[in-house]
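Data file: start-v5.txt. Format and content: compact mmCIF, C-alpha atoms and all ligand atoms.
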# COMPACT_ATOMS: atom_id res chain seq x y z
CA MET A 1 -37.94 -17.55 -17.81
CA MET A 2 -35.47 -20.32 -18.38
CA GLY A 3 -32.99 -21.00 -15.60
CA LYS A 4 -29.43 -19.91 -16.21
CA LEU A 5 -26.23 -21.62 -15.13
CA PHE A 6 -23.50 -19.84 -13.15
CA GLY A 7 -20.25 -21.27 -11.92
CA LEU A 8 -17.02 -20.98 -10.03
CA LEU A 9 -13.64 -21.81 -11.54
CA GLY A 10 -10.93 -22.57 -8.99
CA HIS A 11 -8.44 -25.18 -7.91
CA PRO A 12 -9.34 -26.53 -5.42
CA VAL A 13 -12.99 -25.52 -4.90
CA GLY A 14 -14.15 -28.21 -2.48
CA HIS A 15 -14.66 -25.91 0.49
CA SER A 16 -16.22 -23.02 -1.37
CA MET A 17 -19.19 -21.38 0.31
CA SER A 18 -20.26 -19.63 -2.90
CA PRO A 19 -22.63 -22.34 -4.26
CA ALA A 20 -24.75 -22.43 -1.09
CA MET A 21 -24.78 -18.64 -0.85
CA HIS A 22 -25.83 -18.00 -4.47
CA ASN A 23 -28.25 -20.91 -4.83
CA ASP A 24 -30.12 -19.82 -1.71
CA GLN A 25 -30.53 -16.31 -3.17
CA PHE A 26 -31.70 -17.69 -6.53
CA ASN A 27 -34.37 -19.63 -4.62
CA GLN A 28 -35.26 -16.70 -2.43
CA LEU A 29 -35.79 -14.41 -5.44
CA GLY A 30 -37.74 -17.06 -7.35
CA LEU A 31 -35.05 -17.46 -10.02
CA SER A 32 -34.58 -20.96 -11.42
CA HIS A 33 -30.82 -20.37 -11.85
CA TYR A 34 -28.13 -22.68 -10.54
CA TYR A 35 -24.55 -22.11 -9.33
CA GLN A 36 -22.01 -24.91 -9.59
CA ALA A 37 -18.36 -25.05 -8.51
CA PHE A 38 -15.89 -26.47 -11.07
CA ASP A 39 -12.43 -27.67 -10.10
CA VAL A 40 -10.30 -26.57 -13.06
CA HIS A 41 -6.59 -27.38 -13.23
CA PRO A 42 -4.45 -24.37 -14.30
CA ASP A 43 -3.43 -26.23 -17.50
CA ARG A 44 -7.06 -26.45 -18.58
CA LEU A 45 -8.30 -22.94 -17.87
CA GLY A 46 -8.45 -22.03 -21.57
CA GLN A 47 -10.41 -25.17 -22.36
CA ALA A 48 -12.79 -24.45 -19.49
CA VAL A 49 -13.47 -20.96 -20.86
CA ASN A 50 -14.11 -22.43 -24.33
CA GLY A 51 -16.57 -24.79 -22.68
CA ILE A 52 -18.32 -21.89 -20.99
CA ARG A 53 -18.65 -20.12 -24.34
CA ALA A 54 -19.91 -23.25 -26.10
CA LEU A 55 -22.43 -24.10 -23.38
CA GLY A 56 -23.59 -20.52 -22.97
CA ILE A 57 -22.99 -20.43 -19.22
CA SER A 58 -24.28 -17.02 -18.11
CA GLY A 59 -21.55 -15.97 -15.69
CA PHE A 60 -18.97 -17.22 -13.28
CA ASN A 61 -16.64 -16.44 -10.40
CA VAL A 62 -12.92 -17.02 -10.57
CA THR A 63 -10.84 -17.88 -7.56
CA ILE A 64 -7.33 -19.00 -6.64
CA PRO A 65 -5.20 -19.72 -8.69
CA HIS A 66 -6.96 -18.28 -11.78
CA LYS A 67 -7.71 -14.64 -10.88
CA VAL A 68 -4.85 -13.20 -12.95
CA THR A 69 -4.48 -15.78 -15.75
CA ILE A 70 -8.22 -15.70 -16.58
CA MET A 71 -7.76 -12.20 -18.00
CA GLU A 72 -6.13 -13.39 -21.24
CA TYR A 73 -9.22 -15.45 -22.12
CA LEU A 74 -11.78 -12.66 -21.72
CA ASP A 75 -13.13 -10.23 -24.35
CA GLU A 76 -13.34 -7.16 -22.14
CA ILE A 77 -12.15 -6.13 -18.68
CA ASP A 78 -13.76 -3.45 -16.58
CA GLU A 79 -11.59 -0.48 -15.46
CA GLU A 80 -11.34 -1.36 -11.78
CA ALA A 81 -10.41 -4.98 -12.52
CA LYS A 82 -7.79 -3.67 -14.95
CA ALA A 83 -6.38 -1.36 -12.28
CA ILE A 84 -6.22 -4.24 -9.78
CA GLY A 85 -4.86 -6.65 -12.37
CA ALA A 86 -7.17 -9.50 -11.39
CA VAL A 87 -10.70 -10.71 -12.16
CA ASN A 88 -13.03 -12.59 -9.81
CA THR A 89 -16.35 -12.23 -11.66
CA VAL A 90 -17.24 -12.75 -15.34
CA LEU A 91 -20.48 -11.90 -17.11
CA ASN A 92 -21.41 -13.57 -20.40
CA GLN A 93 -23.01 -10.74 -22.39
CA HIS A 94 -24.53 -12.53 -25.39
CA GLY A 95 -21.27 -14.36 -26.05
CA LYS A 96 -18.92 -11.59 -24.97
CA LEU A 97 -17.11 -12.45 -21.72
CA VAL A 98 -16.60 -9.37 -19.54
CA GLY A 99 -14.38 -9.49 -16.43
CA PHE A 100 -14.93 -7.57 -13.18
CA ASN A 101 -13.31 -7.51 -9.76
CA THR A 102 -15.74 -7.36 -6.83
CA ASP A 103 -13.26 -8.34 -4.10
CA GLY A 104 -11.82 -4.91 -3.31
CA ARG A 105 -15.09 -2.99 -3.68
CA GLY A 106 -16.90 -5.70 -1.71
CA TYR A 107 -14.38 -5.29 1.07
CA VAL A 108 -14.74 -1.51 1.14
CA GLN A 109 -18.56 -1.75 1.19
CA SER A 110 -18.47 -4.15 4.12
CA LEU A 111 -15.93 -1.96 5.94
CA GLN A 112 -18.19 1.06 5.46
CA LYS A 113 -20.98 -0.77 7.30
CA VAL A 114 -18.86 -0.45 10.47
CA ALA A 115 -16.59 2.48 9.65
CA GLY A 116 -18.99 5.00 8.09
CA ASP A 117 -16.87 7.38 6.01
CA ALA A 118 -13.91 5.03 5.72
CA LEU A 119 -12.55 6.97 2.77
CA ASP A 120 -11.79 10.11 4.81
CA LYS A 121 -9.81 8.22 7.40
CA ARG A 122 -6.14 7.39 7.94
CA ILE A 123 -5.74 3.80 6.88
CA LEU A 124 -2.95 1.25 7.38
CA ILE A 125 -2.89 -1.91 5.24
CA ILE A 126 -0.79 -4.86 6.44
CA GLY A 127 0.34 -7.11 3.59
CA ALA A 128 1.23 -6.67 -0.07
CA GLY A 129 -0.15 -9.78 -1.82
CA GLY A 130 -3.16 -10.24 -4.09
CA ALA A 131 -5.71 -9.46 -1.38
CA ALA A 132 -3.88 -6.29 -0.32
CA LYS A 133 -3.73 -5.14 -3.93
CA GLY A 134 -7.49 -5.45 -4.46
CA ILE A 135 -8.29 -3.58 -1.26
CA TYR A 136 -5.65 -0.88 -1.78
CA ILE A 137 -6.68 -0.14 -5.37
CA SER A 138 -10.42 -0.19 -4.63
CA LEU A 139 -9.95 2.16 -1.67
CA ALA A 140 -7.97 4.46 -3.98
CA VAL A 141 -10.50 4.18 -6.85
CA MET A 142 -13.33 4.91 -4.40
CA GLY A 143 -11.57 8.07 -3.16
CA ALA A 144 -9.47 7.27 -0.08
CA LYS A 145 -6.40 9.53 0.01
CA ASN A 146 -4.49 8.46 3.10
CA ILE A 147 -3.41 4.82 2.92
CA ASP A 148 -0.09 3.56 4.28
CA LEU A 149 1.31 0.11 3.58
CA THR A 150 3.34 -2.22 5.77
CA ASN A 151 4.58 -5.72 5.06
CA ARG A 152 7.07 -8.30 6.30
CA THR A 153 8.91 -7.94 2.98
CA LEU A 154 9.25 -4.19 2.55
CA GLU A 155 10.11 -4.30 -1.17
CA LYS A 156 6.75 -5.90 -1.96
CA ALA A 157 4.93 -3.05 -0.23
CA GLN A 158 7.06 -0.53 -2.16
CA GLU A 159 6.20 -2.30 -5.38
CA LEU A 160 2.48 -2.19 -4.59
CA ASN A 161 2.78 1.49 -3.73
CA ARG A 162 4.38 2.19 -7.13
CA PHE A 163 1.81 0.03 -8.92
CA CYS A 164 -1.10 2.20 -7.76
CA LYS A 165 -1.76 4.92 -10.33
CA HIS A 166 -4.04 6.97 -8.10
CA ASP A 167 -3.18 10.22 -6.41
CA LEU A 168 -2.53 9.18 -2.82
CA GLN A 169 -0.68 10.30 0.25
CA SER A 170 0.67 6.85 0.79
CA LYS A 171 3.77 5.84 2.72
CA VAL A 172 5.44 2.50 3.09
CA ARG A 173 6.42 1.64 6.66
CA SER A 174 8.31 -1.25 8.19
CA ILE A 175 6.28 -3.41 10.58
CA GLU A 176 8.26 -1.98 13.55
CA GLU A 177 7.65 1.59 12.42
CA ALA A 178 3.92 0.92 11.90
CA GLU A 179 3.67 -0.69 15.34
CA LYS A 180 5.25 2.37 16.99
CA MET A 181 2.97 4.88 15.26
CA LEU A 182 -0.20 2.78 15.42
CA SER A 183 -2.20 5.48 17.22
CA HIS A 184 -1.87 7.62 14.07
CA TYR A 185 -4.33 5.36 12.19
CA ASP A 186 -8.15 5.29 12.28
CA ILE A 187 -8.43 2.02 10.36
CA ILE A 188 -5.96 -0.90 10.38
CA ILE A 189 -6.49 -3.75 7.94
CA ASN A 190 -4.81 -7.16 7.99
CA THR A 191 -4.75 -8.70 4.50
CA THR A 192 -2.19 -11.42 5.32
CA SER A 193 -3.00 -14.99 6.28
CA VAL A 194 -1.33 -14.53 9.68
CA GLY A 195 -3.75 -15.80 12.35
CA MET A 196 -5.71 -18.07 10.03
CA SER A 197 -6.59 -21.58 11.17
CA PRO A 198 -4.65 -23.71 12.10
CA TYR A 199 -2.03 -21.11 13.20
CA VAL A 200 -4.52 -19.19 15.29
CA GLU A 201 -1.99 -17.89 17.85
CA ALA A 202 -0.07 -15.74 15.37
CA VAL A 203 -0.70 -11.98 15.00
CA PRO A 204 0.38 -9.85 12.04
CA LEU A 205 1.38 -6.76 14.03
CA SER A 206 1.59 -5.76 17.70
CA LEU A 207 -1.34 -3.72 18.99
CA ASP A 208 0.48 -2.25 22.02
CA HIS A 209 0.02 1.31 20.78
CA LEU A 210 -3.57 0.92 19.56
CA LYS A 211 -5.87 3.80 20.47
CA LYS A 212 -9.45 3.25 21.60
CA GLY A 213 -12.11 3.49 18.91
CA THR A 214 -9.77 2.51 16.06
CA ILE A 215 -11.36 0.23 13.47
CA VAL A 216 -9.39 -3.01 13.25
CA SER A 217 -10.26 -5.20 10.30
CA ASP A 218 -9.05 -8.68 9.43
CA ILE A 219 -9.97 -10.30 6.10
CA ILE A 220 -9.64 -13.74 7.70
CA TYR A 221 -12.97 -15.46 8.48
CA ASN A 222 -11.63 -18.74 9.76
CA PRO A 223 -11.66 -18.28 12.73
CA LEU A 224 -14.40 -15.63 12.71
CA GLU A 225 -12.54 -13.74 15.42
CA THR A 226 -8.78 -14.03 15.08
CA LYS A 227 -6.56 -13.61 18.13
CA TRP A 228 -5.52 -10.24 16.69
CA LEU A 229 -9.18 -9.06 16.52
CA SER A 230 -9.82 -10.35 20.00
CA ILE A 231 -6.85 -8.35 21.39
CA ALA A 232 -8.10 -5.30 19.48
CA LYS A 233 -11.59 -5.69 20.94
CA HIS A 234 -10.21 -5.87 24.48
CA LYS A 235 -8.32 -2.65 23.81
CA GLY A 236 -11.52 -0.85 22.85
CA ALA A 237 -11.32 -1.10 19.07
CA ILE A 238 -14.27 -1.60 16.73
CA ILE A 239 -13.60 -4.89 14.98
CA HIS A 240 -14.52 -6.13 11.51
CA ASN A 241 -13.90 -9.68 10.27
CA GLY A 242 -13.61 -11.16 6.78
CA ILE A 243 -17.14 -12.50 6.43
CA GLY A 244 -18.53 -9.20 5.22
CA MET A 245 -15.94 -9.03 2.46
CA PHE A 246 -16.70 -12.53 1.26
CA VAL A 247 -20.44 -11.92 1.26
CA ALA A 248 -20.14 -8.48 -0.34
CA GLN A 249 -17.99 -9.71 -3.24
CA GLY A 250 -20.67 -12.37 -3.83
CA ALA A 251 -23.52 -9.87 -3.57
CA LEU A 252 -21.87 -7.58 -6.14
CA ALA A 253 -21.31 -10.54 -8.50
CA PHE A 254 -24.96 -11.55 -8.03
CA GLU A 255 -26.04 -8.05 -9.05
CA ILE A 256 -23.78 -8.04 -12.11
CA TRP A 257 -25.30 -11.35 -13.25
CA THR A 258 -28.97 -10.87 -12.42
CA GLY A 259 -29.44 -7.11 -12.14
CA LYS A 260 -31.11 -7.81 -8.78
CA LYS A 261 -29.97 -6.90 -5.27
CA PRO A 262 -29.63 -9.99 -3.10
CA ASP A 263 -30.39 -10.15 0.64
CA PHE A 264 -26.97 -9.46 2.19
CA GLU A 265 -27.89 -10.53 5.73
CA LYS A 266 -29.37 -13.83 4.52
CA MET A 267 -26.26 -14.52 2.45
CA LYS A 268 -24.15 -13.89 5.55
CA LEU A 269 -26.27 -16.30 7.59
CA ILE A 270 -25.76 -19.02 4.98
CA VAL A 271 -22.00 -18.45 5.04
CA ILE A 272 -21.83 -18.59 8.83
CA GLU A 273 -23.88 -21.80 8.69
CA GLN A 274 -21.38 -23.22 6.15
CA LEU A 275 -18.54 -22.31 8.50
CA GLY A 276 -20.27 -24.37 11.15
CA GLY A 277 -21.06 -21.32 13.31
P1 LIG B 1 -3.04 -13.24 -0.97
O1 LIG B 1 -3.40 -13.35 -2.42
O2 LIG B 1 -3.95 -14.00 -0.04
O3 LIG B 1 -2.84 -11.83 -0.55
P2 LIG B 1 -0.19 -13.64 -1.26
O4 LIG B 1 -0.22 -12.90 -2.53
O5 LIG B 1 0.63 -14.87 -1.15
O6 LIG B 1 -1.65 -14.04 -0.81
O7 LIG B 1 0.28 -12.61 -0.11
C1 LIG B 1 0.45 -13.01 1.20
C2 LIG B 1 0.73 -11.80 2.12
O8 LIG B 1 0.76 -12.29 3.47
C3 LIG B 1 2.07 -11.14 1.87
O9 LIG B 1 1.98 -9.79 2.23
C4 LIG B 1 2.97 -11.91 2.85
O10 LIG B 1 4.12 -11.21 3.25
P3 LIG B 1 5.50 -11.30 2.39
O11 LIG B 1 5.28 -10.37 1.23
O12 LIG B 1 6.54 -10.84 3.32
O13 LIG B 1 5.63 -12.73 1.98
C5 LIG B 1 2.05 -12.06 4.02
N1 LIG B 1 2.41 -13.19 4.87
C6 LIG B 1 2.15 -14.50 4.66
N2 LIG B 1 2.62 -15.26 5.66
C7 LIG B 1 3.22 -14.41 6.54
C8 LIG B 1 3.87 -14.57 7.80
N3 LIG B 1 4.03 -15.77 8.35
N4 LIG B 1 4.33 -13.46 8.44
C9 LIG B 1 4.17 -12.25 7.89
N5 LIG B 1 3.55 -12.02 6.70
C10 LIG B 1 3.07 -13.08 6.04
Output the file's structure as structure tokens, nothing else.
Ligand code: ATR
Amino acid sequence: MMGKLFGLLGHPVGHSMSPAMHNDQFNQLGLSHYYQAFDVHPDRLGQAVNGIRALGISGFNVTIPHKVTIMEYLDEIDEEAKAIGAVNTVLNQHGKLVGFNTDGRGYVQSLQKVAGDALDKRILIIGAGGAAKGIYISLAVMGAKNIDLTNRTLEKAQELNRFCKHDLQSKVRSIEEAEKMLSHYDIIINTTSVGMSPYVEAVPLSLDHLKKGTIVSDIIYNPLETKWLSIAKHKGAIIHNGIGMFVAQGALAFEIWTGKKPDFEKMKLIVIEQLGG
């Protein structure tokens, strides 16, 4: 079989770990495919997509800042991606470009590896940006019923809450309110960039009222263990970092493109290696 070309469209893409992760799996599965990152300026996204069509590139990932704007250039968008309002994975189906979103579902799958039946639990999401949206909608699509939102800017959390069309028992809480009633939650998820390198001392929410055994999840993977996760661990929480989400979104994209299941643990090793761990 002839090798196929896959890509990543982003701006910038210099530090992406996706090429190493996907190329290693192509090798491992004996596929002569290749994954290449392309730095595409927002003004040239349409031209880039035309290029993909003309060259017959088989599929690609989309990252910041193109996840929303890419949608206008595609032929079809899958339901979950539509509900989230963003696309991170595109499949070229004989010339028809179909958009998917594997970020939210990837996150939930990786969470379920530590949380078991995450969907039955009482969940608190911190943040109301693009990452929060993907996770919130995927949790809702996958059947979670009890998801509260908190955010520095309350109106943004209220807006996200209204945006979600699923039947949820979902409340919006101020950060202070969420901090006070923290023991109410079984799973607490940070989707903000608070605590990311280089501002590693910052925490998104106080964990004073955390109860033992709570699952505390941070989508940040640089550092691998944020200060917030480290406090949570010392208080007896089960912690979950952002590596699993990154790898799982890639694994789902890999399956969409090749129809084959990649080796999740090997992909994770490659990513940790890329991070210099
Ligand atoms: P992303 O796509 O990564 O989610 P985003 O859409 O810019 O990025 O959203 C960033 C989120 O992190 C928001 O919830 C933001 O809170 P505001 O809505 O109040 O801006 C949150 N955030 C970023 N920096 C923050 C900080 N220093 N303190 C608290 N929240 C912060």
Closest contacts (chain A/ligand LIG 1 (chain B), max 8 Å, only C-alpha atoms and all ligand atoms) as a tab-separated table:
residue	atom	partner	partner_atom	distance
A:Ile126	CA	B:LIG1	O9	7.0
A:Gly127	CA	B:LIG1	O9	3.4
A:Ala128	CA	B:LIG1	O9	3.9
A:Gly129	CA	B:LIG1	O4	3.2
A:Gly130	CA	B:LIG1	O1	3.5
A:Ala131	CA	B:LIG1	O3	3.8
A:Ala132	CA	B:LIG1	O3	5.6
A:Lys133	CA	B:LIG1	O3	7.5
A:Asn151	CA	B:LIG1	O9	5.6
A:Arg152	CA	B:LIG1	O12	4.0
A:Thr153	CA	B:LIG1	O12	3.8
A:Leu154	CA	B:LIG1	O12	7.2
A:Lys156	CA	B:LIG1	O11	5.7
A:Ala157	CA	B:LIG1	O11	7.5
A:Thr191	CA	B:LIG1	O3	6.2
A:Thr192	CA	B:LIG1	O8	3.6
A:Ser193	CA	B:LIG1	O8	5.4
A:Val194	CA	B:LIG1	C8	5.5
A:Pro204	CA	B:LIG1	C9	6.1
Skipping near chain neighbours, those fewer than 4 positions away, what residues fall within 9 Å of A:Gly213 using all atoms listed in the file, listed as a ChimeraX atom specification?
/A:186,235-238
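Residues surrounding A:Gly30 within 12 Å are A:Met1, A:Met2, A:Gly3, A:Asn23, A:Asp24, A:Gln25, A:Thr258, A:Lys260, A:Pro262 [all atoms listed in the file; sequence separation below 5 positions excluded].
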Contacts of A:Leu5 within 7 Å, all atoms listed in the file, excl. fewer than 3 positions in-chain, as number ranges by chain
A: 33-35, 57-58
Rounded to one decimal place, report the atom CA of A:Asp167-atom CA of A:Glu179 distance in Å.
25.3 Å
Among the residues A:Ile243, A:Val40, A:Gln249, A:Ala178, the one that comes closest to A:Gln274 [using all atoms listed in the file]:
A:Ile243
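Pairwise distance (atom CA of A:Ile64, atom CA of A:Ala253) equals 16.4 Å.
Here the question is which of A:Ile272, A:Leu91, A:Leu97, A:Ala48 gets nearest to A:Leu74 using all atoms listed in the file, and that residue is A:Leu97.
Proximity of A:Ile135, A:Met142, A:Met71, A:Met17 to A:Leu119, computed with only C-alpha atoms, is greatest for A:Met142.
Reported to one decimal place, the separation of atom CA of A:Lys233 from atom CA of A:Ser170 is 26.7 Å.
Candidate residues A:Leu229, A:Val13, A:Val68, A:Val216 were compared for distance to A:Ala202, and the nearest is A:Leu229, using all atoms listed in the file.
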